[in-house]
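Raw contents of entry09.csv, CSV, C-alpha atoms and all ligand atoms:
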chain,number,residue,atom,x,y,z
A,331,MET,CA,241.5,281.8,140.1
A,332,GLU,CA,240.6,282.0,136.4
A,333,MET,CA,237.7,280.0,135.0
A,334,GLN,CA,240.1,278.0,132.8
A,335,ASN,CA,242.0,276.7,135.8
A,336,MET,CA,238.9,275.8,137.7
A,337,GLU,CA,237.9,273.6,134.8
A,338,ASP,CA,241.3,271.9,134.7
A,339,LEU,CA,241.0,271.2,138.4
A,340,THR,CA,237.7,269.5,138.1
A,341,THR,CA,238.9,267.5,135.1
A,342,ASP,CA,242.0,266.4,137.0
A,343,ALA,CA,239.9,265.3,139.9
A,344,LYS,CA,238.0,262.9,137.6
A,345,LYS,CA,238.9,259.3,138.2
A,346,GLY,CA,238.1,258.1,134.7
A,347,VAL,CA,235.5,258.0,132.0
A,348,VAL,CA,232.2,256.3,132.6
A,349,LEU,CA,229.8,255.3,129.8
A,350,SER,CA,226.4,253.7,130.0
A,351,GLY,CA,223.3,253.4,127.9
A,352,MET,CA,219.7,252.5,128.4
A,353,ARG,CA,217.1,251.2,125.9
A,354,PRO,CA,214.1,253.5,125.4
A,355,THR,CA,211.5,250.8,125.8
A,356,GLY,CA,209.2,252.7,128.1
A,357,ASP,CA,209.5,250.2,130.9
A,358,LEU,CA,211.5,251.9,133.6
A,359,HIS,CA,210.6,250.7,137.1
A,360,ILE,CA,212.2,251.0,140.6
A,361,GLY,CA,214.6,248.2,139.7
A,362,HIS,CA,216.3,250.4,137.1
A,363,PHE,CA,216.2,253.4,139.4
A,364,GLU,CA,217.9,251.6,142.3
A,365,ALA,CA,220.3,249.4,140.3
A,366,VAL,CA,221.3,251.8,137.6
A,367,LEU,CA,220.3,255.4,138.0
A,368,ARG,CA,221.4,255.8,141.6
A,369,ASN,CA,224.8,254.7,140.5
A,370,TRP,CA,224.8,257.0,137.5
A,371,THR,CA,224.1,260.0,139.7
A,372,ARG,CA,226.8,259.1,142.1
A,373,LEU,CA,229.4,258.5,139.4
A,374,GLN,CA,229.0,261.9,137.9
A,375,GLU,CA,230.6,263.4,141.0
A,376,THR,CA,233.9,261.6,140.5
A,377,HIS,CA,234.1,260.6,136.8
A,378,GLY,CA,233.5,262.2,133.4
A,379,CYS,CA,230.2,260.5,132.4
A,380,PHE,CA,228.4,259.8,129.1
A,381,TYR,CA,224.9,258.5,129.3
A,382,PHE,CA,222.9,257.8,126.2
A,383,VAL,CA,219.6,256.7,124.8
A,384,ALA,CA,220.4,253.2,123.3
A,385,ASP,CA,217.9,253.4,120.5
A,386,TRP,CA,219.7,251.3,118.0
A,387,HIS,CA,219.8,248.7,120.7
A,388,ALA,CA,216.1,249.0,121.4
A,389,ILE,CA,215.1,248.1,117.8
A,390,THR,CA,217.2,244.9,117.7
A,391,THR,CA,214.3,243.0,119.1
A,392,ASP,CA,211.3,245.2,118.5
A,393,THR,CA,211.3,247.0,115.1
A,394,ASN,CA,208.3,249.2,115.9
A,395,THR,CA,209.5,252.8,116.2
A,396,LYS,CA,206.2,254.5,116.6
A,397,GLN,CA,206.9,255.3,120.3
A,398,ILE,CA,210.6,255.7,120.2
A,399,LYS,CA,210.5,259.5,120.5
A,400,GLU,CA,208.0,259.4,123.3
A,401,HIS,CA,209.9,256.7,125.2
A,402,SER,CA,213.2,258.4,124.7
A,403,ILE,CA,212.0,261.8,126.0
A,404,ASP,CA,210.3,260.2,128.9
A,405,MET,CA,213.3,258.1,129.9
A,406,VAL,CA,215.7,261.0,129.7
A,407,LYS,CA,213.2,263.1,131.8
A,408,ASP,CA,213.4,260.3,134.4
A,409,TRP,CA,217.2,260.5,134.4
A,410,LEU,CA,217.2,264.3,134.8
A,411,ALA,CA,214.4,264.2,137.5
A,412,PHE,CA,216.3,261.6,139.4
A,413,GLY,CA,219.5,263.6,139.5
A,414,VAL,CA,221.5,263.1,136.3
A,415,ASP,CA,222.9,266.5,135.8
A,416,PRO,CA,223.5,267.7,132.2
A,417,LYS,CA,226.1,270.1,133.6
A,418,LYS,CA,228.2,267.2,134.8
A,419,SER,CA,227.3,264.4,132.4
A,420,THR,CA,226.9,264.3,128.7
A,421,VAL,CA,223.5,263.0,127.8
A,422,PHE,CA,222.8,262.1,124.2
A,423,VAL,CA,221.0,259.9,121.6
A,424,GLN,CA,223.0,257.1,120.1
A,425,SER,CA,221.4,257.0,116.7
A,426,LEU,CA,222.1,260.7,116.1
A,427,VAL,CA,225.8,260.3,116.7
A,428,PRO,CA,226.8,258.5,113.4
A,429,ALA,CA,230.2,257.3,114.7
A,430,HIS,CA,228.4,254.6,116.8
A,431,ALA,CA,227.0,252.9,113.7
A,432,GLU,CA,230.2,253.5,111.8
A,433,LEU,CA,232.7,252.1,114.3
A,434,SER,CA,230.3,249.2,114.9
A,435,LEU,CA,230.6,248.3,111.2
A,436,ALA,CA,234.4,248.5,111.4
A,437,LEU,CA,234.5,246.3,114.5
A,438,GLU,CA,232.2,243.7,113.0
A,439,ARG,CA,235.0,242.9,110.6
A,440,ILE,CA,237.3,241.6,113.4
A,441,VAL,CA,234.7,239.5,115.2
A,442,ASN,CA,233.7,236.0,114.3
A,443,ILE,CA,230.0,234.8,114.1
A,444,GLY,CA,230.7,232.0,116.5
A,445,THR,CA,231.9,234.4,119.2
A,446,LEU,CA,228.6,236.2,119.0
A,447,ARG,CA,226.5,233.1,118.9
A,448,ARG,CA,228.1,231.7,122.0
A,449,LEU,CA,227.4,234.8,124.1
A,450,PRO,CA,225.0,233.8,127.0
A,451,THR,CA,222.7,236.8,126.1
A,452,PHE,CA,222.2,235.4,122.6
A,453,LYS,CA,221.6,231.8,123.7
A,454,GLY,CA,219.3,233.1,126.5
A,455,TYR,CA,217.3,235.1,124.1
A,456,LEU,CA,217.0,232.2,121.7
A,457,GLU,CA,215.7,229.9,124.4
A,458,HIS,CA,213.3,232.6,125.5
A,459,ILE,CA,211.7,233.1,122.1
A,460,ALA,CA,211.8,229.4,121.4
A,461,GLY,CA,210.0,228.8,124.6
A,462,ASP,CA,207.3,231.3,123.6
A,463,ARG,CA,206.7,229.5,120.4
A,464,SER,CA,205.9,226.1,121.9
A,465,ARG,CA,202.7,226.0,119.9
A,466,TYR,CA,204.8,225.4,116.8
A,467,ASP,CA,206.1,222.2,118.3
A,468,LYS,CA,203.0,220.4,117.1
A,469,ASP,CA,204.4,220.9,113.6
A,470,LYS,CA,205.2,217.9,111.4
A,471,ASN,CA,208.9,218.8,111.2
A,472,LYS,CA,209.5,218.8,114.8
A,473,LEU,CA,213.0,219.7,115.9
A,474,SER,CA,214.7,219.5,119.2
A,475,GLY,CA,217.7,220.8,121.2
A,476,GLU,CA,220.3,222.8,119.3
A,477,ALA,CA,218.7,222.2,115.9
A,478,ARG,CA,215.5,223.7,117.2
A,479,LEU,CA,217.3,226.8,118.5
A,480,ASP,CA,219.2,227.1,115.2
A,481,ALA,CA,215.9,227.1,113.3
A,482,PHE,CA,214.6,229.9,115.5
A,483,ALA,CA,217.9,231.9,115.1
A,484,ASN,CA,217.7,231.6,111.3
A,485,ALA,CA,214.0,232.5,111.1
A,486,GLU,CA,213.4,234.9,113.9
A,487,VAL,CA,216.5,236.7,115.0
A,488,SER,CA,217.7,239.9,113.3
A,489,VAL,CA,221.3,240.3,112.3
A,490,GLY,CA,221.2,243.4,114.5
A,491,PHE,CA,220.4,241.3,117.5
A,492,LEU,CA,223.3,239.0,116.9
A,493,THR,CA,225.7,241.9,116.4
A,494,TYR,CA,224.4,244.3,119.1
A,495,PRO,CA,227.3,243.4,121.5
A,496,VAL,CA,229.6,244.7,118.8
A,497,LEU,CA,227.6,247.9,118.7
A,498,GLN,CA,227.9,248.0,122.5
A,499,ALA,CA,231.7,247.6,122.2
A,500,ALA,CA,231.7,250.6,119.7
A,501,ASP,CA,229.6,252.6,122.2
A,502,ILE,CA,232.2,252.1,124.9
A,503,LEU,CA,235.4,252.3,122.8
A,504,LEU,CA,234.4,255.6,121.1
A,505,TYR,CA,234.7,257.5,124.3
A,506,ASP,CA,237.8,255.8,125.8
A,507,ALA,CA,235.6,254.7,128.6
A,508,THR,CA,237.6,253.3,131.5
A,509,ASP,CA,234.7,252.1,133.5
A,510,VAL,CA,231.4,250.6,132.4
A,511,PRO,CA,228.7,250.2,135.1
A,512,VAL,CA,226.8,247.0,134.2
A,513,GLY,CA,224.8,244.2,135.8
A,514,GLU,CA,226.2,240.7,136.0
A,515,ASP,CA,224.4,239.6,132.9
A,516,GLN,CA,226.3,242.1,130.8
A,517,LEU,CA,229.8,241.0,131.9
A,518,PRO,CA,230.4,238.9,128.9
A,519,HIS,CA,229.8,241.9,126.7
A,520,ILE,CA,232.4,243.9,128.5
A,521,GLU,CA,234.8,241.0,128.2
A,522,LEU,CA,234.0,240.9,124.4
A,523,THR,CA,234.6,244.7,124.3
A,524,ARG,CA,238.1,244.2,125.8
A,525,GLU,CA,238.9,241.5,123.3
A,526,ILE,CA,237.8,243.6,120.4
A,527,ALA,CA,239.8,246.5,121.6
A,528,ARG,CA,242.9,244.4,122.1
A,529,LYS,CA,242.5,242.9,118.6
A,530,PHE,CA,242.0,246.2,117.0
A,531,ASN,CA,244.9,247.7,118.8
A,532,SER,CA,247.3,244.9,117.8
A,533,THR,CA,246.0,244.7,114.2
A,534,TYR,CA,245.8,248.4,113.3
A,535,GLY,CA,247.3,250.5,116.1
A,536,GLU,CA,246.6,251.6,119.6
A,537,ALA,CA,243.3,253.4,119.1
A,538,PHE,CA,241.4,252.2,122.1
A,539,THR,CA,241.5,252.2,125.9
A,540,ILE,CA,240.7,248.8,127.4
A,541,PRO,CA,237.6,249.4,129.6
A,542,GLU,CA,236.8,247.7,132.9
A,543,ALA,CA,233.4,246.5,134.0
A,544,MET,CA,232.2,248.2,137.1
A,545,LEU,CA,230.1,246.0,139.3
A,546,ASP,CA,228.7,247.7,142.4
A,547,ALA,CA,228.4,245.3,145.4
A,548,ASP,CA,226.0,247.8,147.0
A,549,ILE,CA,223.4,247.3,144.3
A,550,VAL,CA,220.3,245.5,145.3
A,551,MET,CA,218.5,243.5,142.6
A,552,ILE,CA,214.9,244.0,143.2
A,553,ARG,CA,212.6,241.1,142.2
A,554,GLY,CA,209.0,241.7,141.3
A,555,ARG,CA,205.8,240.9,143.0
A,556,ASP,CA,205.8,237.2,141.9
A,557,GLY,CA,209.5,236.7,142.7
A,558,ARG,CA,210.5,236.8,139.1
A,559,LYS,CA,212.8,239.5,137.6
A,560,MET,CA,211.0,242.8,137.9
A,561,SER,CA,209.6,243.8,134.5
A,562,LYS,CA,206.8,246.0,133.3
A,563,SER,CA,205.9,243.3,130.8
A,564,TYR,CA,205.3,240.8,133.6
A,565,GLY,CA,203.1,243.4,135.4
A,566,ASN,CA,205.0,242.6,138.6
A,567,HIS,CA,206.7,245.9,138.9
A,568,ILE,CA,206.6,249.1,141.1
A,569,SER,CA,207.1,252.4,139.3
A,570,PRO,CA,208.3,255.6,140.8
A,571,ASP,CA,205.4,257.2,139.0
A,572,HIS,CA,202.9,255.1,141.0
A,573,THR,CA,200.9,257.0,143.6
A,574,GLU,CA,201.4,256.2,147.3
A,575,GLU,CA,198.2,254.1,147.3
A,576,GLU,CA,199.3,252.2,144.2
A,577,ILE,CA,202.6,251.5,145.8
A,578,TYR,CA,200.9,250.3,149.0
A,579,GLU,CA,198.6,248.0,147.1
A,580,ARG,CA,201.4,246.6,145.0
A,581,VAL,CA,203.7,245.9,147.9
A,582,LYS,CA,200.8,244.2,149.7
A,583,SER,CA,200.4,241.8,146.8
A,584,PHE,CA,204.0,240.6,146.9
A,585,VAL,CA,204.7,236.9,147.4
A,586,THR,CA,206.7,236.2,150.5
A,587,ASP,CA,208.9,233.3,151.7
A,588,ARG,CA,206.8,232.3,154.7
A,589,LYS,CA,203.6,230.3,154.2
A,590,LYS,CA,202.5,230.3,157.8
A,591,LEU,CA,203.0,232.7,160.7
A,592,SER,CA,205.1,230.1,162.6
A,593,ASP,CA,207.4,229.4,159.6
A,594,GLU,CA,210.9,230.7,159.8
A,595,GLY,CA,211.8,232.6,156.7
A,596,ASP,CA,214.8,233.3,154.6
A,597,PRO,CA,214.7,237.0,153.8
A,598,TYR,CA,217.1,236.5,150.9
A,599,GLU,CA,214.4,234.3,149.3
A,600,CYS,CA,211.8,237.0,149.7
A,601,PRO,CA,211.2,239.8,147.2
A,602,VAL,CA,209.8,241.9,149.9
A,603,PHE,CA,213.2,241.9,151.6
A,604,ASP,CA,214.7,243.2,148.4
A,605,LEU,CA,212.6,246.3,149.0
A,606,HIS,CA,213.7,246.6,152.6
A,607,ARG,CA,217.3,246.4,151.5
A,608,ALA,CA,216.8,249.1,149.0
A,609,PHE,CA,214.5,251.5,150.9
A,610,ASN,CA,214.8,250.6,154.6
A,611,ARG,CA,218.6,250.6,155.2
A,612,ASP,CA,218.0,251.5,158.9
A,613,GLY,CA,215.6,248.7,159.4
A,614,GLU,CA,216.7,245.9,157.2
A,615,VAL,CA,218.8,244.0,159.9
A,616,GLU,CA,215.8,243.9,162.3
A,617,VAL,CA,213.4,242.9,159.5
A,618,ALA,CA,215.8,240.0,158.5
A,619,ARG,CA,216.1,238.9,162.2
A,620,ALA,CA,212.3,238.9,162.8
A,621,CYS,CA,211.8,237.0,159.5
A,622,ARG,CA,214.3,234.3,160.4
A,623,ASN,CA,212.9,233.9,163.9
A,624,ALA,CA,209.3,234.0,162.8
A,625,THR,CA,208.6,236.9,165.2
A,626,SER,CA,207.0,239.2,162.6
A,627,LYS,CA,204.1,238.8,160.3
A,628,CYS,CA,204.6,239.1,156.6
A,629,TYR,CA,201.5,241.3,156.4
A,630,ASP,CA,203.2,243.8,158.7
A,631,CYS,CA,206.5,243.5,157.0
A,632,LYS,CA,204.8,244.6,153.8
A,633,THR,CA,202.3,247.2,155.0
A,634,GLY,CA,204.3,248.8,157.8
A,635,GLU,CA,206.5,251.7,156.9
A,636,LEU,CA,207.8,250.1,153.7
A,637,PRO,CA,205.4,251.5,151.2
A,638,ASP,CA,205.8,255.0,152.6
A,639,LEU,CA,209.6,254.7,152.5
A,640,ILE,CA,209.4,253.8,148.9
A,641,ALA,CA,207.0,256.6,148.0
A,642,ASP,CA,209.1,259.1,150.0
A,643,SER,CA,212.3,258.2,148.3
A,644,TYR,CA,210.8,259.3,145.0
A,645,SER,CA,209.0,262.4,146.1
A,646,ASP,CA,211.8,264.8,145.0
A,647,TYR,CA,211.9,262.9,141.7
A,648,ARG,CA,208.2,263.3,141.2
A,649,THR,CA,208.2,267.0,141.9
A,650,ARG,CA,211.1,267.6,139.6
A,651,LYS,CA,209.7,265.4,136.8
A,652,ALA,CA,206.5,267.5,136.7
A,653,GLU,CA,208.7,270.6,136.2
A,654,ILE,CA,210.8,269.3,133.3
A,655,SER,CA,209.3,270.1,129.9
A,656,ASP,CA,209.8,268.0,126.8
A,657,GLY,CA,211.5,271.0,125.2
A,658,PHE,CA,214.1,271.1,128.0
A,659,VAL,CA,214.9,267.4,127.5
A,660,LEU,CA,215.3,268.0,123.8
A,661,ASP,CA,217.7,270.9,124.4
A,662,VAL,CA,219.8,268.8,126.8
A,663,LEU,CA,220.0,266.1,124.2
A,664,ARG,CA,220.9,268.5,121.4
A,665,GLU,CA,223.7,269.9,123.5
A,666,GLY,CA,224.9,266.4,124.6
A,667,ASN,CA,224.8,265.3,121.0
A,668,ILE,CA,227.1,268.1,119.9
A,669,LYS,CA,229.6,267.1,122.5
A,670,ALA,CA,229.3,263.4,121.7
A,671,ARG,CA,229.8,264.1,118.0
A,672,GLU,CA,233.0,266.1,118.8
A,673,VAL,CA,234.5,263.3,120.9
A,674,THR,CA,233.6,260.5,118.5
A,675,SER,CA,234.6,262.2,115.3
A,676,GLU,CA,238.1,262.7,116.7
A,677,LYS,CA,238.2,259.0,117.6
A,678,MET,CA,236.9,258.0,114.1
A,679,ASP,CA,239.6,260.1,112.5
A,680,GLN,CA,242.1,258.1,114.5
A,681,VAL,CA,240.5,254.8,113.6
A,682,ARG,CA,240.6,255.7,109.9
A,683,LYS,CA,244.2,256.8,110.2
A,684,PHE,CA,245.2,253.5,111.8
A,685,MET,CA,243.3,251.5,109.2
A,686,LEU,CA,245.1,253.5,106.5
A,687,MET,CA,241.7,254.6,105.1
A,688,ASP,CA,242.1,258.4,105.5
A,689,TYR,CA,243.9,259.0,102.3
A,690,LEU,CA,241.5,261.6,100.9
A,691,LYS,CA,242.2,263.9,103.8
A,701,LIG,N1,223.6,246.8,127.4
A,701,LIG,C1,222.4,247.6,127.3
A,701,LIG,C2,221.6,247.1,126.1
A,701,LIG,O1,222.2,246.5,125.2
A,701,LIG,C3,222.6,249.1,127.2
A,701,LIG,C4,223.8,249.5,126.6
A,701,LIG,C5,224.1,249.7,125.2
A,701,LIG,C6,225.1,249.7,127.2
A,701,LIG,N2,225.4,250.1,125.1
A,701,LIG,C7,226.0,250.1,126.3
A,701,LIG,C8,225.4,249.7,128.6
A,701,LIG,C9,227.3,250.5,126.6
A,701,LIG,C10,226.7,250.0,128.9
A,701,LIG,C11,227.6,250.4,127.9
A,701,LIG,O2,220.4,247.4,126.0
A,702,LIG,FE1,209.4,238.3,153.4
A,702,LIG,FE2,209.1,240.0,155.5
A,702,LIG,FE3,207.7,237.7,155.3
A,702,LIG,FE4,210.3,237.6,155.7
A,702,LIG,S1,208.8,238.5,157.1
A,702,LIG,S2,209.1,236.3,154.3
A,702,LIG,S3,211.1,239.3,154.6
A,702,LIG,S4,207.6,239.5,153.9
In structure tokens, write the structure found in this file.
Amino acid sequence: MEMQNMEDLTTDAKKGVVLSGMRPTGDLHIGHFEAVLRNWTRLQETHGCFYFVADWHAITTDTNTKQIKEHSIDMVKDWLAFGVDPKKSTVFVQSLVPAHAELSLALERIVNIGTLRRLPTFKGYLEHIAGDRSRYDKDKNKLSGEARLDAFANAEVSVGFLTYPVLQAADILLYDATDVPVGEDQLPHIELTREIARKFNSTYGEAFTIPEAMLDADIVMIRGRDGRKMSKSYGNHISPDHTEEEIYERVKSFVTDRKKLSDEGDPYECPVFDLHRAFNRDGEVEVARACRNATSKCYDCKTGELPDLIADSYSDYRTRKAEISDGFVLDVLREGNIKAREVTSEKMDQVRKFMLMDYLK
């Protein structure tokens, strides 16, 4: 069989186009690896995949770009070390593919401000920063409720943060993505993307494929040591780069759901059980049973085989990561960027044509 035919065969076997991005914020931890990257590596076997460094997204909330290069290279190195294969997936940097910014600008014209302000991610962020600024509440012009949130939005939120879901829609629509793997918190953004695509298609012409959110029921959300969402900024995380000893110490310090040995626990209320579900598939049923019946000790539940299972599951990753040079990462990105530019400039030509704005051609 000729090479060409082989290629066609693999393309035909693909079930659709997957696209996903990650912000280069330098805070990857096992939560990202288990909830996102494991899925990415699986999907590249069945779908045409585009994975990108969402750097325009990263600077919507933190304008400091001093570490953006370092964080981007390190993050992509993590992807590659964990199994994202540049021969199967297109890996690229968003800001260096101009069509993302360009389509985003076009789409902003068909989205209302109110739609963006009502998104739960926007409200959630406002409440978050307003909460952080409680020291200002002693001010003489004290505001409350919606008015207070409005004041924060006006003073402290960038236009880019308000519109980043439109940029996200552009990210997705440029590649005719059929499936977008996301967490539950991002579902409203996929819904928005679908609305924007329908609106564009009916206003100007059928340029865009309507994407679907891909929620994987298998994914375990891993909470951090204190039971809150795992995050490097909370210091409650476990990183695949931690040594075995560090992993052991961190797991040992996790809060649990049982105060006393004789208390019956609810494993689903316990962040340690998240770890068992993710890393101890063979043992999780027994762990849950012993927890509910109070026949195990939390100490043993944490320090038994669990830390080793976690460390072992990243040993290949660690070996590979040490072997990948920055230069290799940059080459992968350069090549991915060429491919991404090709795909997206074709799409932008189509967009301009439908918008009747290609008359100099
Ligand atoms: N939603 C994530 C963020 O805003 C990452 C992201 C950006 C993304 N564009 C995307 C995820 C497109 C899926 C599809 O940081
Ligand atoms: Fe958590 Fe294990 Fe203790 Fe149950 S036995 S509360 S799962 S640490």
Report as a tab-separated table: every residue of chain A with an atom at most 7 Å from ligand LIG 701 (chain A), its closest pair of atoms, and their distance in Å to one decimal, counting all atoms listed in the file, with rows sorted by chain and ascending residue number.
residue	atom	partner	partner_atom	distance
A:Leu349	CA	A:LIG701	C11	5.7
A:Ser350	CA	A:LIG701	C10	3.9
A:Gly351	CA	A:LIG701	C4	4.1
A:Met352	CA	A:LIG701	C3	4.6
A:Arg353	CA	A:LIG701	O2	5.0
A:Ala384	CA	A:LIG701	C5	5.4
A:His387	CA	A:LIG701	O2	5.5
A:Ala388	CA	A:LIG701	O2	6.5
A:Tyr494	CA	A:LIG701	O1	6.8
A:Gln498	CA	A:LIG701	N2	4.2
A:Ala499	CA	A:LIG701	C9	6.9
A:Asp501	CA	A:LIG701	C9	5.4
A:Ile502	CA	A:LIG701	C9	5.4
A:Val510	CA	A:LIG701	C10	5.9
A:Pro511	CA	A:LIG701	C10	6.5
A:Val512	CA	A:LIG701	C10	6.1
A:Gln516	CA	A:LIG701	N1	6.4
**Report entry** Exercise answer, 12 Å around ligand LIG 702 (chain A) with all atoms listed in the file, as an MDAnalysis selection string
**Finding:** chainID A and resid 553 555 557 581:607 610 613:634 636
Query raised in the report: If we count only C-alpha atoms, what is near Asp404 (chain A) at a cut-off of 9 Å, once residues fewer than 5 positions away on the same chain are taken out, given as number ranges by chain?
Result: A: 354, 356, 399, 409, 656, 659
Query raised in the report: If you measure from CA of Ala436 (chain A) to CA of Leu503 (chain A), what distance in Å do you get, rounded to one decimal?
Result: 12.1 Å
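Considering all atoms listed in the file, the residue among A:Arg580, A:Lys418, A:His362, A:Arg671 positioned nearest to Ser561 (chain A) is A:His362.
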Report summary line: In Å and to one decimal, CA of Ala429 (chain A) is distant from CA of Arg524 (chain A) by 18.9 Å
Query raised in the report: What does the distance between CA of Gly490 (chain A) and CA of Thr390 (chain A) come to in Å, to one decimal place?
Result: 5.3 Å
Query raised in the report: Residues at most 12 Å from Asp642 (chain A), counting only C-alpha atoms, excluding those fewer than 6 positions away in the same chain, as a ChimeraX atom specification?
Result: /A:570-574,577,609-610,635-636,648-649
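Residue nearest Ile360 (chain A) within the list A:Asp408, A:Gly454, A:Gly535, A:Leu449: A:Asp408 [criterion: smallest interatomic distance, all atoms listed in the file].
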Requested in this report: With a distance cut-off of 10 Å and only C-alpha atoms, select the neighbouring residues of Tyr564 (chain A), excluding the residue or stretch itself and same-chain residues fewer than 5 positions from it, and output the selection as JSON, numbers by chain.
Outcome: {"A": [554, 555, 556, 558, 559]}
Selection export as an mmCIF file, in the coordinates of the input, atoms kept: C-alpha atoms:
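For reference, selection_28.cif as written:
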data_model
loop_
_atom_site.group_PDB
_atom_site.id
_atom_site.type_symbol
_atom_site.label_atom_id
_atom_site.label_comp_id
_atom_site.auth_asym_id
_atom_site.auth_seq_id
_atom_site.Cartn_x
_atom_site.Cartn_y
_atom_site.Cartn_z
ATOM 1 C CA GLY A 554 209.000 241.700 141.300
ATOM 2 C CA ARG A 555 205.800 240.900 143.000
ATOM 3 C CA ASP A 556 205.800 237.200 141.900
ATOM 4 C CA ARG A 558 210.500 236.800 139.100
ATOM 5 C CA LYS A 559 212.800 239.500 137.600
#
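Across A:His359, A:His519, A:Lys472, A:Lys677, the tightest approach to Pro450 (chain A) is made by A:His519 when counting all atoms listed in the file.
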Tell me, as a PDB file with C-alpha atoms, in the frame of the given file, which residues lie within 9 Å of region 377-381 of chain A, counting only C-alpha atoms; anything in the same chain fewer than 4 positions away does not count.
ATOM      1  CA  THR A 341     238.900 267.500 135.100  1.00  0.00           C
ATOM      2  CA  ALA A 343     239.900 265.300 139.900  1.00  0.00           C
ATOM      3  CA  LYS A 344     238.000 262.900 137.600  1.00  0.00           C
ATOM      4  CA  LYS A 345     238.900 259.300 138.200  1.00  0.00           C
ATOM      5  CA  GLY A 346     238.100 258.100 134.700  1.00  0.00           C
ATOM      6  CA  VAL A 347     235.500 258.000 132.000  1.00  0.00           C
ATOM      7  CA  VAL A 348     232.200 256.300 132.600  1.00  0.00           C
ATOM      8  CA  LEU A 349     229.800 255.300 129.800  1.00  0.00           C
ATOM      9  CA  SER A 350     226.400 253.700 130.000  1.00  0.00           C
ATOM     10  CA  GLY A 351     223.300 253.400 127.900  1.00  0.00           C
ATOM     11  CA  MET A 352     219.700 252.500 128.400  1.00  0.00           C
ATOM     12  CA  TRP A 370     224.800 257.000 137.500  1.00  0.00           C
ATOM     13  CA  LEU A 373     229.400 258.500 139.400  1.00  0.00           C
ATOM     14  CA  LYS A 418     228.200 267.200 134.800  1.00  0.00           C
ATOM     15  CA  SER A 419     227.300 264.400 132.400  1.00  0.00           C
ATOM     16  CA  THR A 420     226.900 264.300 128.700  1.00  0.00           C
ATOM     17  CA  VAL A 421     223.500 263.000 127.800  1.00  0.00           C
ATOM     18  CA  PHE A 422     222.800 262.100 124.200  1.00  0.00           C
ATOM     19  CA  VAL A 423     221.000 259.900 121.600  1.00  0.00           C
ATOM     20  CA  TYR A 505     234.700 257.500 124.300  1.00  0.00           C
ATOM     21  CA  ALA A 507     235.600 254.700 128.600  1.00  0.00           C
ATOM     22  CA  GLY A 666     224.900 266.400 124.600  1.00  0.00           C
ATOM     23  CA  ALA A 670     229.300 263.400 121.700  1.00  0.00           C
TER      24      ALA A 670
END
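Residue nearest Val550 (chain A) within the list A:Gln680, A:Ala500, A:Gly513, A:Glu375: A:Gly513 [criterion: smallest interatomic distance, all atoms listed in the file].
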**Report entry** Exercise: Thr445 (chain A) partners within 12 Å, all atoms listed in the file, chain neighbours under 4 positions left out, as a list of chain:residue names
**Finding:** A:Glu438, A:Ile440, A:Val441, A:Leu449, A:Pro450, A:Thr451, A:Phe452, A:Lys453, A:Leu492, A:Thr493, A:Pro495, A:Val496, A:Pro518, A:His519, A:Glu521, A:Leu522, A:Thr523, A:Glu525, A:Ile526
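Nearest to Val673 (chain A) of all the residues A:Glu400, A:Asp480, A:Asp357, A:Asp506 is A:Asp506, counting only C-alpha atoms.
Minimum distance to Thr508 (chain A) across A:Ala483, A:Met544, A:Ala477, A:Val414 (counting only C-alpha atoms) occurs at A:Met544.
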